[in-house]
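Chemist: data.csv is reproduced in full below (CSV, C-alpha atoms).
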```csv
chain,number,residue,atom,x,y,z
A,1034,MET,CA,-9.5,14.8,18.0
A,1035,GLU,CA,-7.5,12.1,19.8
A,1036,LYS,CA,-10.5,11.4,22.1
A,1037,ALA,CA,-12.7,10.9,19.0
A,1038,LEU,CA,-10.1,8.6,17.3
A,1039,ALA,CA,-9.6,6.5,20.5
A,1040,ALA,CA,-13.4,6.0,21.2
A,1041,PRO,CA,-14.6,2.4,21.2
A,1042,PRO,CA,-16.9,1.3,18.3
A,1043,THR,CA,-20.6,1.7,18.4
A,1044,HIS,CA,-23.3,0.4,16.0
A,1045,ASP,CA,-23.5,3.8,14.3
A,1046,ALA,CA,-19.7,4.0,14.0
A,1047,LEU,CA,-19.8,0.9,11.8
A,1048,ASN,CA,-22.1,2.4,9.3
A,1049,ASN,CA,-21.4,6.2,9.5
A,1050,THR,CA,-18.3,7.9,8.0
A,1051,ALA,CA,-15.7,8.6,10.7
A,1052,TYR,CA,-14.4,11.9,9.3
A,1053,PRO,CA,-11.8,12.6,12.1
A,1054,VAL,CA,-10.1,9.2,11.3
A,1055,ILE,CA,-10.1,9.9,7.5
A,1056,ALA,CA,-8.7,13.4,8.1
A,1057,ALA,CA,-6.0,12.0,10.3
A,1058,ILE,CA,-4.9,9.3,7.9
A,1059,SER,CA,-5.1,11.7,5.0
A,1060,PHE,CA,-2.8,14.1,6.9
A,1061,ALA,CA,-0.4,11.3,7.6
A,1062,HIS,CA,-0.5,10.4,3.9
A,1063,LEU,CA,0.4,14.1,3.1
A,1064,LEU,CA,3.4,13.9,5.4
A,1065,ASN,CA,4.5,10.5,4.0
A,1066,ASP,CA,4.3,11.4,0.3
A,1067,MET,CA,5.7,14.9,0.9
A,1068,MET,CA,8.8,13.5,2.3
A,1069,GLN,CA,9.1,10.8,-0.4
A,1070,SER,CA,8.6,13.4,-3.2
A,1071,VAL,CA,11.8,15.2,-2.0
A,1072,LEU,CA,13.7,12.4,-3.8
A,1073,LEU,CA,12.1,13.2,-7.1
A,1074,ALA,CA,12.4,16.9,-6.6
A,1075,ILE,CA,16.2,16.9,-6.2
A,1076,TYR,CA,16.9,14.6,-9.2
A,1077,PRO,CA,18.5,17.5,-11.1
A,1078,MET,CA,20.8,18.2,-8.1
A,1079,LEU,CA,21.8,14.6,-7.8
A,1080,LYS,CA,22.3,14.2,-11.5
A,1081,GLN,CA,24.7,17.2,-11.6
A,1082,GLY,CA,26.4,16.6,-8.3
A,1083,LEU,CA,27.0,12.8,-8.7
A,1084,HIS,CA,27.4,13.0,-12.6
A,1085,LEU,CA,24.5,10.6,-13.2
A,1086,SER,CA,22.9,9.7,-16.5
A,1087,PHE,CA,19.2,9.7,-17.3
A,1088,ALA,CA,19.3,5.9,-17.1
A,1089,GLN,CA,20.7,6.1,-13.6
A,1090,ILE,CA,18.0,8.6,-12.6
A,1091,GLY,CA,15.5,6.0,-13.8
A,1092,LEU,CA,17.1,3.3,-11.8
A,1093,ILE,CA,16.9,5.3,-8.7
A,1094,THR,CA,13.1,5.6,-9.2
A,1095,LEU,CA,13.0,1.9,-10.1
A,1096,ALA,CA,14.8,1.0,-6.8
A,1097,TYR,CA,12.5,3.1,-4.8
A,1098,GLN,CA,9.2,2.0,-6.4
A,1099,LEU,CA,10.0,-1.7,-6.9
A,1100,THR,CA,10.9,-2.0,-3.2
A,1101,ALA,CA,7.5,-0.6,-2.4
A,1102,SER,CA,5.6,-2.5,-5.1
A,1103,LEU,CA,7.0,-6.0,-4.3
A,1104,LEU,CA,6.4,-5.7,-0.6
A,1105,GLN,CA,3.0,-4.0,-0.5
A,1106,PRO,CA,0.8,-6.9,-1.7
A,1107,LEU,CA,2.6,-9.3,0.7
A,1108,ILE,CA,2.1,-6.9,3.6
A,1109,GLY,CA,-1.5,-6.3,2.7
A,1110,LEU,CA,-2.2,-10.0,2.4
A,1111,TYR,CA,-0.6,-10.7,5.7
A,1112,THR,CA,-2.5,-8.0,7.5
A,1113,ASP,CA,-5.8,-9.2,6.0
A,1114,HIS,CA,-5.4,-12.3,8.2
A,1115,ARG,CA,-3.4,-10.7,11.1
A,1116,PRO,CA,-4.1,-6.9,11.2
A,1117,LYS,CA,-1.2,-4.8,12.6
A,1118,PRO,CA,-2.7,-1.3,13.3
A,1119,TYR,CA,0.6,-0.1,15.0
A,1120,SER,CA,2.6,-0.9,11.9
A,1121,LEU,CA,1.7,2.5,10.6
A,1122,PRO,CA,4.2,4.5,12.7
A,1123,LEU,CA,6.8,1.8,11.8
A,1124,GLY,CA,6.4,2.6,8.1
A,1125,MET,CA,6.9,6.3,8.8
A,1126,GLY,CA,10.1,5.4,10.7
A,1127,PHE,CA,11.6,3.8,7.6
A,1128,THR,CA,10.9,7.0,5.6
A,1129,LEU,CA,12.6,9.0,8.3
A,1130,VAL,CA,15.8,6.8,8.1
A,1131,GLY,CA,15.7,6.9,4.3
A,1132,LEU,CA,15.7,10.7,4.3
A,1133,LEU,CA,18.6,10.9,6.6
A,1134,LEU,CA,20.5,8.5,4.3
A,1135,LEU,CA,19.6,10.5,1.3
A,1136,SER,CA,20.9,13.7,2.9
A,1137,GLN,CA,24.3,12.2,3.3
A,1138,ALA,CA,24.5,10.0,0.1
A,1139,GLY,CA,27.7,10.7,-1.8
A,1140,SER,CA,27.5,8.0,-4.4
A,1141,PHE,CA,25.0,6.4,-6.8
A,1142,GLY,CA,24.9,3.3,-4.6
A,1143,ALA,CA,24.2,5.3,-1.5
A,1144,VAL,CA,21.3,7.0,-3.2
A,1145,LEU,CA,19.9,3.6,-4.3
A,1146,LEU,CA,20.1,2.4,-0.6
A,1147,ALA,CA,18.3,5.6,0.6
A,1148,ALA,CA,15.6,5.2,-2.2
A,1149,MET,CA,15.0,1.5,-1.2
A,1150,THR,CA,14.7,2.4,2.5
A,1151,ILE,CA,12.1,5.1,1.6
A,1152,GLY,CA,10.3,2.4,-0.5
A,1153,VAL,CA,10.1,0.1,2.4
A,1154,GLY,CA,8.4,2.9,4.4
A,1155,SER,CA,5.8,3.2,1.6
A,1156,SER,CA,5.2,-0.6,1.5
A,1157,ILE,CA,4.3,-0.7,5.1
A,1158,PHE,CA,2.3,2.6,5.2
A,1159,HIS,CA,0.0,2.3,2.2
A,1160,PRO,CA,-1.8,-1.1,2.6
A,1161,GLU,CA,-2.7,-0.5,6.2
A,1162,SER,CA,-3.6,3.1,5.9
A,1163,SER,CA,-5.8,2.3,2.9
A,1164,ARG,CA,-7.6,-0.3,5.0
A,1165,VAL,CA,-8.1,2.3,7.8
A,1166,ALA,CA,-9.6,4.6,5.2
A,1167,ARG,CA,-12.0,1.9,4.1
A,1168,MET,CA,-12.7,1.0,7.7
A,1169,ALA,CA,-13.7,4.6,8.5
A,1170,ALA,CA,-15.7,5.1,5.3
A,1171,GLY,CA,-19.1,3.8,6.4
A,1172,SER,CA,-21.3,4.2,3.3
A,1173,GLN,CA,-18.9,6.4,1.4
A,1174,PRO,CA,-15.9,4.3,0.3
A,1175,GLY,CA,-15.2,6.5,-2.7
A,1176,LEU,CA,-15.2,9.7,-0.7
A,1177,ALA,CA,-12.9,8.1,2.0
A,1178,GLN,CA,-10.4,6.8,-0.6
A,1179,SER,CA,-10.4,10.2,-2.3
A,1180,VAL,CA,-9.8,12.1,0.9
A,1181,PHE,CA,-7.0,9.6,1.8
A,1182,GLN,CA,-5.5,10.0,-1.7
A,1183,ILE,CA,-5.7,13.8,-1.6
A,1184,GLY,CA,-3.4,13.8,1.3
A,1185,GLY,CA,-0.8,11.9,-0.6
A,1186,ASN,CA,-1.1,14.0,-3.7
A,1187,LEU,CA,-1.0,17.2,-1.8
A,1188,GLY,CA,2.2,15.9,-0.2
A,1189,SER,CA,3.6,15.0,-3.5
A,1190,ALA,CA,2.9,18.5,-4.8
A,1191,ILE,CA,4.2,20.3,-1.7
A,1192,GLY,CA,7.4,18.3,-1.6
A,1193,PRO,CA,9.0,19.7,-4.7
A,1194,LEU,CA,8.0,23.2,-3.6
A,1195,LEU,CA,9.6,22.8,-0.2
A,1196,ALA,CA,12.6,21.2,-1.9
A,1197,ALA,CA,13.0,24.2,-4.2
A,1198,LEU,CA,12.8,26.5,-1.2
A,1199,ILE,CA,15.0,24.5,1.2
A,1200,VAL,CA,17.2,21.9,-0.5
A,1201,VAL,CA,18.1,23.7,-3.7
A,1202,PRO,CA,19.6,26.8,-2.0
A,1203,ASN,CA,21.0,24.9,1.0
A,1204,GLY,CA,22.3,21.7,-0.6
A,1205,GLN,CA,21.6,18.0,-0.4
A,1206,GLY,CA,22.3,17.8,3.4
A,1207,SER,CA,19.3,20.0,4.1
A,1208,ALA,CA,17.0,17.1,3.1
A,1209,ALA,CA,17.5,15.8,6.6
A,1210,TRP,CA,15.2,18.6,7.9
A,1211,PHE,CA,12.3,16.8,6.3
A,1212,SER,CA,12.7,14.0,8.8
A,1213,LEU,CA,11.2,16.2,11.4
A,1214,PHE,CA,7.9,15.8,9.6
A,1215,ALA,CA,8.3,12.0,10.1
A,1216,LEU,CA,8.2,12.5,13.8
A,1217,VAL,CA,4.9,14.3,13.6
A,1218,GLY,CA,3.6,11.4,11.4
A,1219,VAL,CA,4.7,8.8,14.0
A,1220,VAL,CA,2.6,10.6,16.6
A,1221,VAL,CA,-0.5,10.9,14.4
A,1222,LEU,CA,-0.3,7.3,13.2
A,1223,SER,CA,0.1,6.0,16.7
A,1224,VAL,CA,-3.3,7.5,17.6
A,1225,VAL,CA,-4.8,6.2,14.3
A,1226,GLY,CA,-3.4,2.8,15.1
A,1227,ARG,CA,-5.2,2.8,18.5
A,1228,TRP,CA,-8.5,3.6,16.8
A,1229,SER,CA,-8.0,0.9,14.3
A,1230,SER,CA,-7.3,-1.7,16.9
A,1231,HIS,CA,-10.7,-1.0,18.5
A,1232,HIS,CA,-12.6,-1.4,15.2
A,1233,VAL,CA,-10.8,-4.0,13.2
A,1234,ALA,CA,-12.8,-7.0,14.4
A,1235,ASN,CA,-16.2,-5.4,13.5
A,1236,PHE,CA,-14.8,-4.3,10.2
A,1237,LYS,CA,-13.9,-7.8,9.2
A,1238,LYS,CA,-17.5,-8.9,10.1
A,1239,ARG,CA,-18.9,-6.2,7.9
A,1240,MET,CA,-16.8,-7.1,4.9
A,1241,LYS,CA,-17.9,-10.7,5.2
A,1242,ALA,CA,-21.5,-9.7,5.3
A,1243,HIS,CA,-21.0,-7.9,1.9
A,1244,ALA,CA,-18.8,-10.4,0.3
A,1245,GLY,CA,-21.0,-11.4,-2.7
A,1246,ASN,CA,-21.1,-9.4,-6.0
A,1247,GLY,CA,-22.6,-12.0,-8.4
A,1248,LEU,CA,-19.4,-12.4,-10.5
A,1249,SER,CA,-17.6,-15.6,-11.3
A,1250,ARG,CA,-14.0,-16.1,-10.4
A,1251,ARG,CA,-13.2,-15.9,-14.1
A,1252,GLN,CA,-15.0,-12.5,-14.4
A,1253,ILE,CA,-13.2,-11.2,-11.4
A,1254,GLY,CA,-9.8,-12.4,-12.8
A,1255,TRP,CA,-10.4,-10.7,-16.1
A,1256,SER,CA,-11.6,-7.5,-14.5
A,1257,LEU,CA,-8.5,-7.3,-12.3
A,1258,ALA,CA,-6.4,-7.8,-15.4
A,1259,ILE,CA,-8.2,-5.0,-17.2
A,1260,LEU,CA,-7.8,-2.7,-14.2
A,1261,GLY,CA,-4.1,-3.6,-14.2
A,1262,LEU,CA,-3.7,-2.5,-17.9
A,1263,LEU,CA,-5.6,0.8,-17.1
A,1264,MET,CA,-3.2,1.3,-14.2
A,1265,PHE,CA,-0.3,0.7,-16.5
A,1266,SER,CA,-1.5,3.4,-18.9
A,1267,LYS,CA,-2.1,5.9,-16.1
A,1268,PHE,CA,1.2,5.4,-14.1
A,1269,PHE,CA,3.5,5.0,-17.1
A,1270,TYR,CA,2.3,8.3,-18.4
A,1271,MET,CA,2.5,9.8,-14.9
A,1272,ALA,CA,6.1,8.7,-14.7
A,1273,SER,CA,6.9,10.7,-17.7
A,1274,LEU,CA,5.7,13.8,-16.0
A,1275,SER,CA,6.8,13.2,-12.4
A,1276,SER,CA,10.3,12.1,-13.2
A,1277,TYR,CA,11.2,14.0,-16.4
A,1278,TYR,CA,8.9,17.0,-16.6
A,1279,THR,CA,11.5,19.4,-15.2
A,1280,PHE,CA,14.1,18.1,-17.7
A,1281,TYR,CA,11.6,18.5,-20.5
A,1282,LEU,CA,10.9,22.1,-19.6
A,1283,ILE,CA,14.6,22.9,-19.2
A,1284,ASP,CA,15.6,21.2,-22.5
A,1285,LYS,CA,12.8,22.4,-24.7
A,1286,PHE,CA,12.2,25.9,-23.3
A,1287,GLY,CA,15.4,26.8,-21.5
A,1288,LEU,CA,13.8,27.3,-18.1
A,1289,ALA,CA,15.8,27.6,-14.9
A,1290,LEU,CA,15.6,24.7,-12.4
A,1291,HIS,CA,13.6,26.8,-9.9
A,1292,ASP,CA,11.1,27.8,-12.6
A,1293,ALA,CA,10.7,24.3,-13.9
A,1294,GLN,CA,10.0,23.0,-10.4
A,1295,MET,CA,7.2,25.6,-10.1
A,1296,TYR,CA,5.6,24.0,-13.2
A,1297,LEU,CA,6.1,20.6,-11.6
A,1298,PHE,CA,4.3,21.9,-8.5
A,1299,ALA,CA,1.4,23.1,-10.6
A,1300,PHE,CA,1.1,19.7,-12.3
A,1301,LEU,CA,1.2,17.8,-9.0
A,1302,PHE,CA,-1.3,20.2,-7.4
A,1303,ALA,CA,-3.7,19.5,-10.3
A,1304,VAL,CA,-3.2,15.8,-9.6
A,1305,ALA,CA,-4.2,16.4,-6.0
A,1306,ALA,CA,-7.3,18.3,-7.1
A,1307,GLY,CA,-8.3,15.6,-9.5
A,1308,THR,CA,-8.0,13.0,-6.9
A,1309,VAL,CA,-10.8,14.7,-4.9
A,1310,LEU,CA,-13.2,14.2,-7.7
A,1311,GLY,CA,-12.9,10.5,-8.6
A,1312,GLY,CA,-14.1,8.9,-5.4
A,1313,PRO,CA,-17.2,10.9,-4.4
A,1314,VAL,CA,-18.3,11.1,-8.1
A,1315,GLY,CA,-17.9,7.4,-8.3
A,1316,ASP,CA,-20.1,7.0,-5.2
A,1317,ARG,CA,-22.8,8.9,-7.0
A,1318,VAL,CA,-22.7,7.9,-10.7
A,1319,GLY,CA,-20.7,4.6,-10.6
A,1320,ARG,CA,-17.0,3.9,-10.7
A,1321,LYS,CA,-17.0,2.5,-14.3
A,1322,ARG,CA,-18.1,5.9,-15.7
A,1323,VAL,CA,-15.4,7.7,-13.8
A,1324,ILE,CA,-12.8,5.3,-15.1
A,1325,TRP,CA,-14.0,5.9,-18.7
A,1326,VAL,CA,-13.6,9.6,-18.4
A,1327,SER,CA,-10.4,9.8,-16.5
A,1328,ILE,CA,-8.3,7.4,-18.6
A,1329,LEU,CA,-9.7,7.7,-22.2
A,1330,GLY,CA,-10.9,11.3,-21.7
A,1331,VAL,CA,-7.3,12.6,-21.2
A,1332,ALA,CA,-6.1,11.3,-24.6
A,1333,PRO,CA,-6.7,14.4,-26.6
A,1334,PHE,CA,-4.6,16.5,-24.2
A,1335,THR,CA,-1.7,14.1,-24.0
A,1336,LEU,CA,-1.6,13.9,-27.8
A,1337,LEU,CA,-1.5,17.7,-28.1
A,1338,LEU,CA,1.1,18.3,-25.3
A,1339,PRO,CA,4.3,17.7,-27.3
A,1340,HIS,CA,3.3,20.1,-30.0
A,1341,VAL,CA,2.6,23.4,-28.1
A,1342,GLY,CA,4.6,26.2,-26.6
A,1343,LEU,CA,5.5,26.9,-22.9
A,1344,LEU,CA,2.2,28.5,-21.9
A,1345,TRP,CA,0.0,25.7,-23.3
A,1346,THR,CA,2.4,23.1,-22.0
A,1347,GLY,CA,1.7,24.3,-18.5
A,1348,VAL,CA,-2.0,24.5,-19.1
A,1349,LEU,CA,-2.3,21.1,-20.7
A,1350,SER,CA,-0.2,19.5,-18.0
A,1351,VAL,CA,-2.6,20.8,-15.4
A,1352,ILE,CA,-5.6,19.5,-17.3
A,1353,ILE,CA,-4.0,16.1,-17.8
A,1354,GLY,CA,-3.1,15.9,-14.1
A,1355,LEU,CA,-6.7,17.0,-13.1
A,1356,ILE,CA,-8.4,14.4,-15.3
A,1357,LEU,CA,-6.0,11.5,-15.0
A,1358,ALA,CA,-5.7,11.6,-11.2
A,1359,SER,CA,-9.5,11.0,-10.8
A,1360,ALA,CA,-9.0,7.4,-12.0
A,1361,PHE,CA,-7.1,5.9,-9.1
A,1362,SER,CA,-9.6,6.1,-6.3
A,1363,ALA,CA,-12.3,4.8,-8.6
A,1364,ILE,CA,-10.1,1.9,-9.8
A,1365,LEU,CA,-9.1,1.0,-6.2
A,1366,VAL,CA,-12.6,1.0,-4.7
A,1367,TYR,CA,-13.9,-0.9,-7.8
A,1368,ALA,CA,-11.2,-3.6,-7.2
A,1369,GLN,CA,-12.0,-3.7,-3.5
A,1370,GLU,CA,-15.6,-4.4,-4.4
A,1371,LEU,CA,-14.5,-7.2,-6.7
A,1372,LEU,CA,-12.9,-8.9,-3.6
A,1373,PRO,CA,-14.6,-7.4,-0.5
A,1374,GLY,CA,-12.8,-9.6,2.0
A,1375,LYS,CA,-9.3,-8.8,0.7
A,1376,VAL,CA,-9.1,-5.0,1.3
A,1377,GLY,CA,-5.5,-5.1,2.5
A,1378,ALA,CA,-4.3,-7.4,-0.2
A,1379,ILE,CA,-6.1,-5.4,-3.0
A,1380,SER,CA,-4.9,-2.1,-1.6
A,1381,GLY,CA,-1.3,-3.4,-1.4
A,1382,LEU,CA,-1.5,-5.0,-4.8
A,1383,PHE,CA,-2.8,-1.8,-6.5
A,1384,PHE,CA,-0.6,0.6,-4.6
A,1385,GLY,CA,2.3,-1.7,-5.3
A,1386,PHE,CA,1.4,-2.1,-9.0
A,1387,ALA,CA,1.2,1.7,-9.2
A,1388,PHE,CA,4.6,2.1,-7.7
A,1389,GLY,CA,6.0,-0.7,-9.9
A,1390,MET,CA,4.6,0.7,-13.1
A,1391,GLY,CA,5.9,4.1,-12.2
A,1392,GLY,CA,9.3,2.7,-11.4
A,1393,ILE,CA,9.6,0.6,-14.6
A,1394,GLY,CA,8.2,3.5,-16.6
A,1395,ALA,CA,10.8,5.8,-15.2
A,1396,ALA,CA,13.6,3.4,-15.9
A,1397,LEU,CA,12.6,2.6,-19.5
A,1398,LEU,CA,11.7,6.2,-20.3
A,1399,GLY,CA,15.1,7.3,-18.9
A,1400,GLN,CA,16.8,4.9,-21.3
A,1401,LEU,CA,14.6,6.1,-24.2
A,1402,ALA,CA,15.6,9.8,-23.3
A,1403,ASP,CA,19.3,8.8,-23.3
A,1404,ALA,CA,19.0,7.0,-26.7
A,1405,THR,CA,16.8,9.7,-28.4
A,1406,SER,CA,15.7,12.8,-26.7
A,1407,ILE,CA,13.5,13.9,-23.8
A,1408,GLU,CA,10.9,15.2,-26.3
A,1409,THR,CA,10.6,11.7,-27.8
A,1410,VAL,CA,9.4,10.4,-24.4
A,1411,TYR,CA,6.4,12.7,-24.5
A,1412,ASN,CA,5.6,11.8,-28.2
A,1413,VAL,CA,5.6,8.1,-27.3
A,1414,CYS,CA,3.7,8.4,-24.0
A,1415,ALA,CA,0.9,10.5,-25.6
A,1416,PHE,CA,-0.8,7.4,-26.9
A,1417,LEU,CA,-1.0,5.5,-23.6
A,1418,PRO,CA,-4.4,6.8,-22.5
A,1419,LEU,CA,-6.0,5.1,-25.5
A,1420,ILE,CA,-5.8,1.9,-23.5
A,1421,GLY,CA,-8.8,3.3,-21.7
A,1422,LEU,CA,-10.9,1.7,-24.4
A,1423,LEU,CA,-10.6,-1.5,-22.4
A,1424,THR,CA,-13.0,-0.1,-19.8
A,1425,ALA,CA,-15.8,-1.3,-22.0
A,1426,PHE,CA,-15.1,-4.8,-20.9
A,1427,LEU,CA,-15.5,-4.1,-17.1
A,1428,PRO,CA,-18.8,-5.5,-15.6
A,1429,ALA,CA,-21.1,-3.1,-13.8
A,1430,ILE,CA,-20.9,-4.2,-10.2
A,1431,GLU,CA,-22.7,-1.3,-8.5
A,1432,LYS,CA,-25.8,0.8,-9.0
A,1433,PRO,CA,-25.5,4.6,-8.7
A,1434,LYS,CA,-26.9,6.1,-5.6
A,1435,ALA,CA,-28.4,9.5,-5.7
A,1436,GLY,CA,-27.3,10.4,-2.2
A,1437,GLY,CA,-23.8,9.2,-2.5
A,1438,GLY,CA,-24.2,6.2,-0.2
A,1439,ARG,CA,-23.9,2.6,-0.9
```
Starting from the file, lay out its structure as structure tokens.

Modeler:
Amino acid sequence: MEKALAAPPTHDALNNTAYPVIAAISFAHLLNDMMQSVLLAIYPMLKQGLHLSFAQIGLITLAYQLTASLLQPLIGLYTDHRPKPYSLPLGMGFTLVGLLLLSQAGSFGAVLLAAMTIGVGSSIFHPESSRVARMAAGSQPGLAQSVFQIGGNLGSAIGPLLAALIVVPNGQGSAAWFSLFALVGVVVLSVVGRWSSHHVANFKKRMKAHAGNGLSRRQIGWSLAILGLLMFSKFFYMASLSSYYTFYLIDKFGLALHDAQMYLFAFLFAVAAGTVLGGPVGDRVGRKRVIWVSILGVAPFTLLLPHVGLLWTGVLSVIIGLILASAFSAILVYAQELLPGKVGAISGLFFGFAFGMGGIGAALLGQLADATSIETVYNVCAFLPLIGLLTAFLPAIEKPKAGGGR
């Protein structure tokens, strides 16, 4: 695989999908998000061991995600003009340091520092890795973005499972073992960076050749604003499940922590599966249709979730994760097509906005849970997918292709 990744560009390589590159960047995304999800998975342990409130748990998520969200657009904009292919292993290095800090954190402030360091790792990794996925996509940008995203979502699903098997029985210090995965990621990303350095100049030329989409600057601005609101609805709701789902199951149904984490794993695995669908389906039928179904289509299930028993809670959370996750790849590629010459900036902006909305959502929902109850969080969030009605105002900027190409 290393030989294939390091090969110089040819004419066909600029138009065909470079599957080994997409697979490598997806695997690195798996490692990156798996390690980062350890932080979320051990929240109950941190809450009990450091005597934290729900509001403090929300602030930890806010510190992590705001660090990522504020830096990602800036890094993406900078690398649009000055590409830095070898910044990828650097981002993985920050995640490694953050995990080591987390394993030794003995206070709320130390946990915040660890969370922020992990956030810096995300801010460096995501814009450049998303650009590499688009660079390797050829005629299938939706597929490439979905495969890239599936790595991250699988990592997010595997992280809590490994935390339940390793960190819960062995204590907070065992989180340091996850840093070994970061070393593997550094090696893989160094090879990907070498491939990217050979192809970046031709990629910029190709983006300039497809820069027109027939929309005015005002239409592009309004479209980006609508996409932002759709992202808000998706990630605010996702924050309610990723940060507080285990607490909800423990509080409402009396589950043990280990069993609650298994439910969280099932939800996150469904998110990973849903991510696979959004991109390639968008390549075939149009991204606007995928956005319609994935945001608004999940509303009946979110409205029902707070009113059912344990079995149906598990079933509905899986359905919600499956449908809602298909939105992000479609939204991101749609946004990249609004501004074709700003792939890094758009990727950084939307990944950053996703992290930011998740962080703000976690902080506000934590305060709501402290003031009322954890069940109130799910009753309030159930209405968020109705924002999907705004999809009607998005312009159609692509024509469906029967063969999946563009």

Chemist: For each of A:Gly1175, A:Asp1066, A:Tyr1270, A:Leu1083, take the minimum atom-to-atom distance to A:Ala1215, counting only C-alpha atoms, then give the residue where this is smallest.

Modeler: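 Using only C-alpha atoms, A:Ala1215 sits closest to A:Asp1066.
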
Chemist: Give the answer as one residue: which of A:Ala1096, A:Val1326, A:Leu1382, A:Leu1135 has the shortest atom-to-atom distance to A:Val1314, using all atoms listed in the file?

Modeler: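 Using all atoms listed in the file, the shortest distance to A:Val1314 belongs to A:Val1326.
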
Chemist: What's the separation between atom CA of A:Val1200 and atom CA of A:Ala1402, in Å to one decimal place?

Modeler: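 That distance, rounded to one decimal, is 25.9 Å.
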
Chemist: Figure out the distance between atom CA of A:Ala1396 and atom CA of A:Ala1143, please, to one decimal in Å.

Modeler: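 Result for atom CA of A:Ala1143 versus atom CA of A:Ala1396: 18.0 Å, one decimal.
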
Chemist: Excluding same-chain residues fewer than 3 positions from stretch 1099-1111 of chain A, what lies within 7 Å of it counting only C-alpha atoms, as a ChimeraX atom specification?

Modeler: /A:1095-1096,1114-1115,1149,1152-1153,1155-1157,1160-1161,1377-1378,1380-1382,1384-1386,1388-1389,1392

Chemist: Tell me which protein, DNA and RNA residues are within 6 Å of stretch 1178-1182 of chain A, counting all atoms listed in the file, leaving out same-chain ones fewer than 4 positions away, and put them as a ChimeraX atom specification.

Modeler: /A:1059,1308-1309,1312,1362

Chemist: Nearest to A:Ser1256: which of A:Tyr1367, A:Tyr1052, A:Tyr1277, A:Phe1211 is it, counting all atoms listed in the file?

Modeler: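 Among A:Tyr1367, A:Tyr1052, A:Tyr1277, A:Phe1211, it is A:Tyr1367 that comes nearest to A:Ser1256.
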
Chemist: Mind giving me the straight-line distance from atom CA of A:Ile1058 to atom CA of A:Tyr1278 in Å, one decimal?

Modeler: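 Those two atoms sit 29.2 Å apart.
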
Chemist: Nearest to A:Gly1394 among A:Trp1255, A:Trp1210, A:Phe1268, A:Trp1228, with distances taken over only C-alpha atoms: which residue is it?

Modeler: A:Phe1268

Chemist: Between A:Met1078, A:Leu1146, A:Val1318, A:Leu1397, which one has atoms that come closest to A:Ala1208, using all atoms listed in the file?

Modeler: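 Going through A:Met1078, A:Leu1146, A:Val1318, A:Leu1397 one by one, the smallest distance to A:Ala1208 is for A:Met1078.
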
Chemist: Leaving out A:Thr1094 and any residue of its chain fewer than 4 positions from it, which residues lie within 9 Å of it when counting only C-alpha atoms, given as a list in words?

Modeler: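 Result of the neighbour search: Leu1072, Leu1073, Gln1089, Ile1090, Gln1098, Leu1099, Leu1145, Ala1148, Ser1276, Gly1391, Gly1392, Ile1393, Ala1395 and Ala1396 of chain A.
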
Chemist: Find the residues around A:Ala1368 up to 8 Å (only C-alpha atoms counted), leave out those fewer than 2 positions away in its own chain, and share them as a list in words.

Modeler: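 Neighbouring residues, sequence-local ones excluded: Leu1257, Leu1260, Ile1364, Leu1365, Val1366, Glu1370, Leu1371, Leu1372 and Ile1379 of chain A.
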
Chemist: Can you pull out every residue within 10 Å of stretch 1298-1303 of chain A, counting all atoms listed in the file, but drop anything in the same chain fewer than 6 positions away, and send it as a tab-separated table (two decimals) with C-alpha atoms, keeping the file's coordinate frame?

Modeler:
```
chain	number	residue	atom	x	y	z
A	1074	ALA	CA	12.40	16.90	-6.60
A	1183	ILE	CA	-5.70	13.80	-1.60
A	1186	ASN	CA	-1.10	14.00	-3.70
A	1187	LEU	CA	-1.00	17.20	-1.80
A	1188	GLY	CA	2.20	15.90	-0.20
A	1189	SER	CA	3.60	15.00	-3.50
A	1190	ALA	CA	2.90	18.50	-4.80
A	1191	ILE	CA	4.20	20.30	-1.70
A	1192	GLY	CA	7.40	18.30	-1.60
A	1193	PRO	CA	9.00	19.70	-4.70
A	1194	LEU	CA	8.00	23.20	-3.60
A	1195	LEU	CA	9.60	22.80	-0.20
A	1197	ALA	CA	13.00	24.20	-4.20
A	1274	LEU	CA	5.70	13.80	-16.00
A	1275	SER	CA	6.80	13.20	-12.40
A	1278	TYR	CA	8.90	17.00	-16.60
A	1292	ASP	CA	11.10	27.80	-12.60
A	1347	GLY	CA	1.70	24.30	-18.50
A	1348	VAL	CA	-2.00	24.50	-19.10
A	1349	LEU	CA	-2.30	21.10	-20.70
A	1350	SER	CA	-0.20	19.50	-18.00
A	1351	VAL	CA	-2.60	20.80	-15.40
A	1352	ILE	CA	-5.60	19.50	-17.30
A	1353	ILE	CA	-4.00	16.10	-17.80
A	1354	GLY	CA	-3.10	15.90	-14.10
A	1355	LEU	CA	-6.70	17.00	-13.10
A	1356	ILE	CA	-8.40	14.40	-15.30
A	1357	LEU	CA	-6.00	11.50	-15.00
A	1358	ALA	CA	-5.70	11.60	-11.20
```

Chemist: Return the single residue from A:Thr1150, A:Ser1207, A:Ser1086, A:Asn1065 that is closest to A:Pro1122, with distances computed using all atoms listed in the file.

Modeler: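 Residue with the minimum atom-to-atom distance to A:Pro1122: A:Asn1065.
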